[in-house]
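Engineer: Provided below: protein-v8.cif, containing mmCIF, C-alpha atoms and all ligand atoms.
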```
data_start
loop_
_atom_site.label_atom_id
_atom_site.label_comp_id
_atom_site.auth_asym_id
_atom_site.auth_seq_id
_atom_site.Cartn_x
_atom_site.Cartn_y
_atom_site.Cartn_z
CA MET A 1 0.00 0.00 0.00
CA ALA A 2 2.74 2.46 0.99
CA ALA A 3 4.77 1.49 -2.06
CA SER A 4 1.87 2.26 -4.40
CA ALA A 5 1.20 5.57 -2.66
CA GLN A 6 4.85 6.55 -3.05
CA LEU A 7 4.59 6.07 -6.78
CA GLY A 8 1.88 8.73 -6.86
CA LYS A 9 -1.04 8.42 -9.23
CA LEU A 10 -2.71 5.04 -9.80
CA LYS A 11 -5.64 5.34 -12.18
CA VAL A 12 -7.84 2.25 -12.47
CA TYR A 13 -10.51 1.45 -15.06
CA ILE A 14 -13.15 -1.16 -14.15
CA SER A 15 -15.39 -2.61 -16.90
CA VAL A 16 -18.36 -4.53 -15.52
CA ASP A 17 -20.50 -7.14 -17.25
CA MET A 18 -23.15 -9.27 -15.57
CA GLU A 19 -23.09 -12.83 -16.92
CA GLY A 20 -20.00 -13.65 -14.87
CA VAL A 21 -21.38 -12.41 -11.56
CA ALA A 22 -21.78 -15.14 -8.92
CA GLY A 23 -25.14 -16.87 -9.14
CA VAL A 24 -26.04 -15.69 -12.65
CA VAL A 25 -27.06 -18.67 -14.80
CA THR A 26 -29.95 -17.65 -17.09
CA ALA A 27 -31.77 -14.60 -18.49
CA ASP A 28 -33.84 -14.63 -15.28
CA GLN A 29 -31.07 -12.57 -13.67
CA LEU A 30 -29.96 -10.47 -16.64
CA GLY A 31 -32.59 -7.96 -17.71
CA PRO A 32 -35.09 -5.47 -16.26
CA ALA A 33 -38.11 -7.63 -17.14
CA SER A 34 -36.76 -10.69 -15.31
CA PHE A 35 -37.87 -11.76 -11.87
CA GLU A 36 -34.41 -11.92 -10.26
CA TYR A 37 -32.89 -8.86 -11.97
CA ALA A 38 -33.34 -6.40 -9.08
CA LYS A 39 -31.53 -8.75 -6.74
CA PHE A 40 -28.74 -9.52 -9.18
CA ARG A 41 -28.02 -5.94 -10.20
CA GLU A 42 -27.37 -5.44 -6.51
CA PHE A 43 -24.97 -8.42 -6.49
CA MET A 44 -23.30 -6.98 -9.61
CA THR A 45 -22.96 -3.66 -7.81
CA ARG A 46 -21.51 -5.31 -4.70
CA GLU A 47 -18.91 -7.25 -6.70
CA THR A 48 -17.92 -3.98 -8.38
CA LEU A 49 -17.76 -2.11 -5.08
CA SER A 50 -15.52 -4.85 -3.75
CA ALA A 51 -13.12 -4.21 -6.65
CA VAL A 52 -13.34 -0.45 -6.07
CA GLN A 53 -12.56 -0.72 -2.37
CA ALA A 54 -9.73 -3.21 -2.94
CA ALA A 55 -8.23 -0.98 -5.63
CA LYS A 56 -8.28 1.96 -3.22
CA GLN A 57 -6.62 -0.13 -0.54
CA ALA A 58 -3.97 -1.02 -3.11
CA GLY A 59 -3.31 2.66 -3.75
CA ALA A 60 -5.75 3.65 -6.51
CA THR A 61 -6.05 7.42 -6.65
CA GLU A 62 -8.73 7.58 -9.35
CA ILE A 63 -11.31 5.00 -10.45
CA LEU A 64 -13.62 4.97 -13.47
CA VAL A 65 -16.32 2.27 -13.64
CA ALA A 66 -18.02 1.37 -16.94
CA ASP A 67 -21.45 -0.25 -16.61
CA SER A 68 -21.18 -2.57 -19.61
CA HIS A 69 -24.06 -5.06 -19.61
CA GLY A 70 -27.27 -4.95 -21.62
CA ASN A 71 -28.78 -1.47 -21.40
CA MET A 72 -25.64 -0.41 -19.49
CA GLU A 73 -27.82 0.94 -16.68
CA ASN A 74 -27.44 -1.83 -14.14
CA LEU A 75 -25.09 -0.61 -11.42
CA LEU A 76 -26.76 1.11 -8.47
CA ILE A 77 -24.97 4.43 -8.70
CA ASP A 78 -25.99 5.64 -5.24
CA MET A 79 -24.08 2.77 -3.61
CA PHE A 80 -20.74 4.10 -4.91
CA PRO A 81 -18.43 6.42 -2.98
CA PRO A 82 -18.33 10.06 -4.15
CA ASP A 83 -14.78 9.89 -5.52
CA VAL A 84 -15.69 7.26 -8.16
CA ARG A 85 -17.16 8.11 -11.57
CA LEU A 86 -19.45 5.82 -13.58
CA ILE A 87 -20.10 5.50 -17.30
CA ARG A 88 -23.67 4.44 -18.08
CA GLY A 89 -25.99 4.12 -21.05
CA SER A 90 -25.54 3.24 -24.72
CA PRO A 91 -24.71 3.47 -27.52
CA ARG A 92 -21.34 4.97 -26.77
CA ARG A 93 -17.98 4.89 -28.51
CA LEU A 94 -15.57 2.23 -27.23
CA SER A 95 -18.62 0.59 -25.65
CA MET A 96 -17.49 -1.56 -22.69
CA MET A 97 -14.23 0.46 -22.61
CA ALA A 98 -15.70 3.96 -23.03
CA GLY A 99 -13.52 6.54 -21.34
CA ILE A 100 -10.29 4.51 -21.44
CA ASP A 101 -7.22 6.54 -22.40
CA ARG A 102 -3.47 6.67 -21.95
CA THR A 103 -3.71 8.20 -18.46
CA PHE A 104 -4.91 4.89 -16.94
CA ASP A 105 -2.52 2.45 -15.27
CA ALA A 106 -4.60 -0.72 -15.01
CA VAL A 107 -7.83 -2.31 -16.24
CA ILE A 108 -10.03 -4.73 -14.28
CA PHE A 109 -12.87 -6.84 -15.72
CA ILE A 110 -15.72 -7.85 -13.38
CA GLY A 111 -18.54 -10.25 -14.26
CA TYR A 112 -17.12 -11.27 -17.65
CA HIS A 113 -18.13 -14.36 -19.66
CA ALA A 114 -16.64 -16.70 -22.29
CA SER A 115 -16.89 -16.25 -26.06
CA THR A 116 -19.57 -17.71 -28.29
CA ASN A 117 -16.95 -20.14 -29.67
CA ASN A 118 -16.11 -21.64 -26.29
CA LEU A 119 -17.49 -25.14 -25.65
CA GLN A 120 -18.08 -24.05 -22.06
CA GLY A 121 -19.21 -20.95 -20.26
CA VAL A 122 -22.40 -19.63 -18.71
CA ARG A 123 -24.19 -17.52 -21.33
CA ALA A 124 -21.06 -17.74 -23.53
CA HIS A 125 -21.41 -15.17 -26.32
CA THR A 126 -19.51 -12.39 -28.07
CA PHE A 127 -21.24 -8.98 -28.12
CA SER A 128 -24.59 -10.45 -29.22
CA SER A 129 -25.80 -13.95 -28.43
CA ALA A 130 -28.74 -13.45 -30.79
CA ARG A 131 -26.80 -12.11 -33.80
CA LEU A 132 -23.10 -13.10 -33.87
CA THR A 133 -21.45 -16.52 -34.07
CA ARG A 134 -17.78 -15.52 -34.24
CA VAL A 135 -15.58 -12.47 -33.71
CA ALA A 136 -11.85 -12.65 -34.49
CA LEU A 137 -8.95 -10.19 -34.47
CA ASN A 138 -6.09 -10.91 -36.87
CA GLY A 139 -7.43 -14.43 -37.28
CA ALA A 140 -7.73 -15.29 -33.59
CA VAL A 141 -11.18 -15.79 -32.05
CA VAL A 142 -11.65 -13.35 -29.19
CA THR A 143 -13.87 -13.02 -26.16
CA GLU A 144 -15.28 -9.65 -25.22
CA GLY A 145 -12.54 -9.64 -22.60
CA ALA A 146 -9.74 -10.16 -25.12
CA PHE A 147 -11.29 -7.60 -27.51
CA ASN A 148 -11.56 -5.06 -24.69
CA ALA A 149 -8.03 -5.87 -23.56
CA ALA A 150 -6.89 -5.03 -27.10
CA VAL A 151 -8.73 -1.70 -26.89
CA ALA A 152 -6.95 -0.96 -23.60
CA GLY A 153 -3.72 -2.17 -25.19
CA HIS A 154 -4.13 0.42 -27.94
CA PHE A 155 -3.86 3.03 -25.20
CA GLY A 156 -0.93 1.23 -23.57
CA VAL A 157 -2.94 0.07 -20.55
CA PRO A 158 -2.64 -3.52 -19.27
CA VAL A 159 -5.50 -5.67 -17.98
CA VAL A 160 -4.46 -6.97 -14.56
CA MET A 161 -7.44 -8.95 -13.29
CA ILE A 162 -10.65 -10.63 -14.46
CA SER A 163 -13.58 -12.16 -12.58
CA GLY A 164 -16.15 -14.44 -14.15
CA ASP A 165 -16.86 -18.14 -14.53
CA ASP A 166 -14.00 -20.63 -14.94
CA ALA A 167 -14.36 -20.70 -18.76
CA ALA A 168 -14.26 -16.91 -19.04
CA VAL A 169 -11.14 -16.59 -16.90
CA ALA A 170 -9.31 -19.37 -18.77
CA GLU A 171 -10.26 -18.07 -22.22
CA VAL A 172 -9.13 -14.50 -21.58
CA ARG A 173 -5.89 -15.73 -20.02
CA SER A 174 -5.17 -17.88 -23.06
CA LEU A 175 -5.01 -14.73 -25.18
CA VAL A 176 -4.10 -11.89 -22.86
CA GLY A 177 -1.62 -13.69 -20.59
CA ASN A 178 -1.48 -14.82 -17.02
CA ILE A 179 -3.44 -12.01 -15.39
CA GLU A 180 -5.00 -12.47 -11.96
CA GLY A 181 -8.32 -14.27 -12.24
CA PHE A 182 -11.16 -14.96 -9.85
CA GLU A 183 -13.66 -17.73 -10.63
CA THR A 184 -17.11 -16.84 -9.35
CA LYS A 185 -18.56 -20.18 -10.47
CA LYS A 186 -17.76 -23.43 -12.27
CA THR A 187 -19.63 -23.84 -15.53
CA LEU A 188 -21.96 -26.82 -15.77
CA GLY A 189 -23.61 -25.70 -19.01
CA PHE A 190 -24.80 -22.64 -20.92
CA HIS A 191 -27.54 -22.15 -18.33
CA SER A 192 -26.10 -23.81 -15.24
CA ALA A 193 -23.20 -23.46 -12.83
CA ASN A 194 -21.86 -24.46 -9.47
CA SER A 195 -21.58 -20.99 -7.93
CA LEU A 196 -20.02 -19.24 -5.00
CA THR A 197 -22.34 -17.15 -2.85
CA PRO A 198 -22.25 -13.37 -3.34
CA GLU A 199 -20.45 -13.01 -0.01
CA ALA A 200 -17.68 -15.41 -1.02
CA SER A 201 -17.38 -13.86 -4.47
CA ILE A 202 -17.05 -10.36 -3.04
CA ALA A 203 -14.25 -11.48 -0.71
CA GLY A 204 -12.42 -13.33 -3.48
CA ILE A 205 -12.59 -10.42 -5.90
CA ALA A 206 -11.11 -8.06 -3.31
CA GLN A 207 -8.22 -10.44 -2.72
CA LYS A 208 -7.39 -10.82 -6.42
CA VAL A 209 -7.68 -7.10 -7.17
CA LYS A 210 -5.17 -6.37 -4.41
CA ALA A 211 -2.86 -9.13 -5.65
CA ALA A 212 -3.06 -7.83 -9.22
CA LEU A 213 -2.38 -4.19 -8.38
CA ALA A 214 0.46 -5.14 -6.04
CA ARG A 215 2.30 -6.68 -9.01
CA ARG A 216 0.91 -4.56 -11.80
CA GLY A 217 4.40 -4.09 -13.24
CA ASP A 218 4.25 -7.76 -14.28
CA PHE A 219 1.46 -7.17 -16.81
CA LYS A 220 1.96 -5.89 -20.31
CA PRO A 221 -0.63 -4.13 -22.46
CA TYR A 222 -2.29 -6.61 -24.83
CA ALA A 223 -1.31 -5.22 -28.20
CA VAL A 224 -2.73 -6.62 -31.44
CA LYS A 225 -0.75 -5.88 -34.56
CA ALA A 226 -2.00 -2.98 -36.70
CA PRO A 227 -3.66 -2.75 -39.16
CA VAL A 228 -6.23 -4.94 -37.41
CA THR A 229 -8.28 -7.48 -39.37
CA LEU A 230 -11.71 -7.97 -37.86
CA ASP A 231 -13.76 -11.03 -38.87
CA ILE A 232 -17.41 -11.25 -37.90
CA SER A 233 -19.82 -14.12 -38.56
CA PHE A 234 -23.54 -13.51 -38.28
CA LYS A 235 -26.24 -15.94 -37.31
CA ASN A 236 -28.26 -14.65 -40.26
CA TYR A 237 -27.42 -14.24 -43.94
CA MET A 238 -28.62 -10.72 -44.71
CA PRO A 239 -26.33 -8.66 -42.45
CA ALA A 240 -23.30 -10.05 -44.32
CA GLU A 241 -24.93 -9.43 -47.69
CA VAL A 242 -25.89 -5.82 -46.98
CA LEU A 243 -22.70 -4.81 -45.16
CA ALA A 244 -20.72 -5.99 -48.19
CA TYR A 245 -22.31 -3.13 -50.20
CA LEU A 246 -19.70 -0.98 -48.46
CA LYS A 247 -16.29 -0.89 -50.13
CA ILE A 248 -14.58 -1.07 -46.73
CA VAL A 249 -16.24 -4.46 -46.11
CA GLN A 250 -15.22 -7.76 -47.66
CA ARG A 251 -17.62 -10.71 -47.72
CA VAL A 252 -15.67 -13.75 -46.61
CA ASP A 253 -18.47 -16.32 -46.86
CA SER A 254 -22.26 -16.43 -46.80
CA HIS A 255 -22.51 -15.38 -43.14
CA SER A 256 -19.17 -13.61 -42.60
CA ILE A 257 -17.54 -10.28 -43.34
CA ARG A 258 -14.07 -8.79 -42.88
CA TYR A 259 -13.10 -5.24 -42.04
CA VAL A 260 -9.52 -3.99 -41.75
CA GLY A 261 -9.09 -1.06 -39.38
CA GLN A 262 -6.00 1.06 -38.88
CA ASP A 263 -6.14 0.29 -35.18
CA MET A 264 -8.39 -1.05 -32.40
CA VAL A 265 -10.33 2.21 -32.19
CA ASP A 266 -11.34 1.80 -35.85
CA VAL A 267 -12.30 -1.81 -35.20
CA SER A 268 -14.24 -0.95 -32.05
CA ASP A 269 -16.12 1.81 -33.91
CA PHE A 270 -17.01 -0.70 -36.64
CA VAL A 271 -18.36 -3.23 -34.12
CA ASP A 272 -20.31 -0.54 -32.28
CA PHE A 273 -21.75 0.71 -35.56
CA ILE A 274 -23.03 -2.68 -36.71
CA SER A 275 -24.32 -3.40 -33.19
CA SER A 276 -26.16 -0.09 -32.83
CA TYR A 277 -27.31 1.11 -36.21
CA ASN A 278 -30.77 0.69 -37.62
CA LEU A 279 -32.79 3.11 -39.71
CA ALA A 280 -35.39 3.52 -37.00
CA LEU A 281 -32.90 5.00 -34.51
CA GLU A 282 -34.51 7.82 -32.55
CA PRO A 283 -34.03 10.55 -31.54
ZN ZN A 301 -23.49 -8.89 -20.48
#
```
Any chance you could give the structure as structure tokens?
Structural biologist:
Amino acid sequence: MAASAQLGKLKVYISVDMEGVAGVVTADQLGPASFEYAKFREFMTRETLSAVQAAKQAGATEILVADSHGNMENLLIDMFPPDVRLIRGSPRRLSMMAGIDRTFDAVIFIGYHASTNNLQGVRAHTFSSARLTRVALNGAVVTEGAFNAAVAGHFGVPVVMISGDDAAVAEVRSLVGNIEGFETKKTLGFHSANSLTPEASIAGIAQKVKAALARRGDFKPYAVKAPVTLDISFKNYMPAEVLAYLKIVQRVDSHSIRYVGQDMVDVSDFVDFISSYNLALEP
């Protein structure tokens, strides 16, 4: 703690999803219309607060939290201390990493899940379980965690810790490196898990956040080589057909397109565009 304080500023970015929160197994916990949502947004908030408090104990001088699940309005903002800022709502540029820049020192992922290409993982998907079947950067399939780590890497910021189910932690580590990981539950299937209680999860997250920030010099930014080739496969046929009208888009096969961006910001903008745009957007 003293060592961190002596180094001066320690700016921490925390991106929070919900599928990897302890106890989450189905859509019953994940959206405003679901019967357990109110309870589980509180658990999501408490896991995040645990990371916030642990980061402060490890010397964090500034913390930015990005509410990054669903409508991005899940975290109970009034439960946070006054010296923390929160990013809420969507669409927004850089999405789950909105607000990240070169001034940050470390990134933490809370409540993350595995990719849609993983054989395991509770609610395993990549950006859209309903629409996308594969997302790859420079030929390598990525999770949201690895994609977001590459966005942070663009700004020279390393990811130091992830919490989520066992599949999510293992999959991100396989790409990003041996960051600290906390398993909130063991995957039994897409809609089932053997889970810790919220109390146990909160304690474990705090421990791993402290461990990660104590040795943050060990972690390197996850840099993908530029220009960055983004491959996306859609569940349906038409998105690939219509996107290929654009000269910047190449149709790779019936359900897949390729876009080459100068860097991860370009690629992130492209993903956010195809995820957000429809002609009926209002206002
Ligand atoms: Zn989510």
Engineer: Show me which residues are within 9 Å of ligand ZN 301 (chain A) counting only C-alpha atoms and all ligand atoms, and format the list as a ChimeraX atom specification.
Structural biologist: /A:16-20,30,68-70,72,111-113,123,125,127-128
Engineer: For Asp272 of chain A, which residue out of A:Val249, A:Phe147, A:Arg93, A:Glu241 is the nearest one, using all atoms listed in the file?
Structural biologist: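 The answer is A:Arg93, which sits nearest to Asp272 of chain A.
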Engineer: Report the distance between atom CA of Ala130 of chain A and atom CA of Gly99 of chain A in Å, rounded to one decimal place.
Structural biologist: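 According to the coordinates, atom CA of Ala130 of chain A and atom CA of Gly99 of chain A are separated by 26.8 Å.
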Engineer: Between atom CA of Met161 of chain A and atom CA of Glu180 of chain A, what is the spacing in Å?
Structural biologist: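 For atom CA of Glu180 of chain A relative to atom CA of Met161 of chain A, the distance reads 4.5 Å.
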Engineer: Of the candidates A:Phe43, A:Thr184, A:Lys11, A:Asp67, which shows the shortest atom-to-atom distance to Arg92 of chain A, using only C-alpha atoms?
Structural biologist: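 Of the candidates, the smallest distance to Arg92 of chain A is held by A:Asp67.
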Engineer: Report as a list of chain:residue names all protein, DNA and RNA residues lying within 9 Å of Gly189 of chain A, evaluated on all atoms listed in the file, omitting residues in the same chain fewer than 6 positions from it.
Structural biologist: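 Here the qualifying residues turn out to be A:Val25, A:Gln120, A:Gly121, A:Val122, A:Arg123.
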Engineer: Go through A:Ala124, A:Leu76, A:Ala150, A:Leu196 one by one, measure the shortest atom-to-atom distance of each to Leu137 of chain A using all atoms listed in the file, and give the residue with the smallest value.
Structural biologist: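 Ranking A:Ala124, A:Leu76, A:Ala150, A:Leu196 by distance to Leu137 of chain A, first place goes to A:Ala150.
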Engineer: State, in Å with one decimal place, the distance from atom CA of Pro91 of chain A to atom CA of Ser276 of chain A.
Structural biologist: 6.6 Å
Engineer: A:Asn178, A:Ser163, A:Ser256, A:Ser34: which is nearest Ala206 of chain A, counting only C-alpha atoms?
Structural biologist: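 Using only C-alpha atoms, Ala206 of chain A sits closest to A:Ser163.
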Engineer: If we count all atoms listed in the file, what is near segment 210-219 of chain A at a cut-off of 9 Å, once residues fewer than 6 positions away on the same chain are taken out, given as an MDAnalysis selection string?
Structural biologist: chainID A and resid 1 3:4 51 54:60 105:106 158:161 177:181
Engineer: Rank nothing, just name the residue among A:Gln250, A:Pro32, A:Ile77, A:Ala98 nearest to Ile14 of chain A, using all atoms listed in the file.
Structural biologist: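 Between A:Gln250, A:Pro32, A:Ile77, A:Ala98, the residue approaching Ile14 of chain A most closely is A:Ala98.
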Engineer: Nearest residue to Ala203 of chain A out of A:Phe182, A:Phe270, A:Gly8, A:Asp78, using only C-alpha atoms?
Structural biologist: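 So, comparing all the options, the nearest one is A:Phe182.
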Engineer: Show me, as a ChimeraX atom specification, the residues that have an atom within 6 Å of segment 261-263 of chain A when counting only C-alpha atoms, minus same-chain residues fewer than 2 positions from it.
Structural biologist: /A:226-228,265-267
Engineer: Phe80 of chain A: which residues within 10 Å, counting all atoms listed in the file, same-chain residues fewer than 3 positions away excluded, as a PyMOL selection string?
Structural biologist: chain A and resi 45-46+48-49+52-53+65+75-77+83-86
Engineer: What's the 9 Å shell around Ser233 of chain A, counting only C-alpha atoms, without same-chain residues fewer than 6 positions away, as a VMD selection string?
Structural biologist: chain A and resid 131 to 135 240 253 to 258
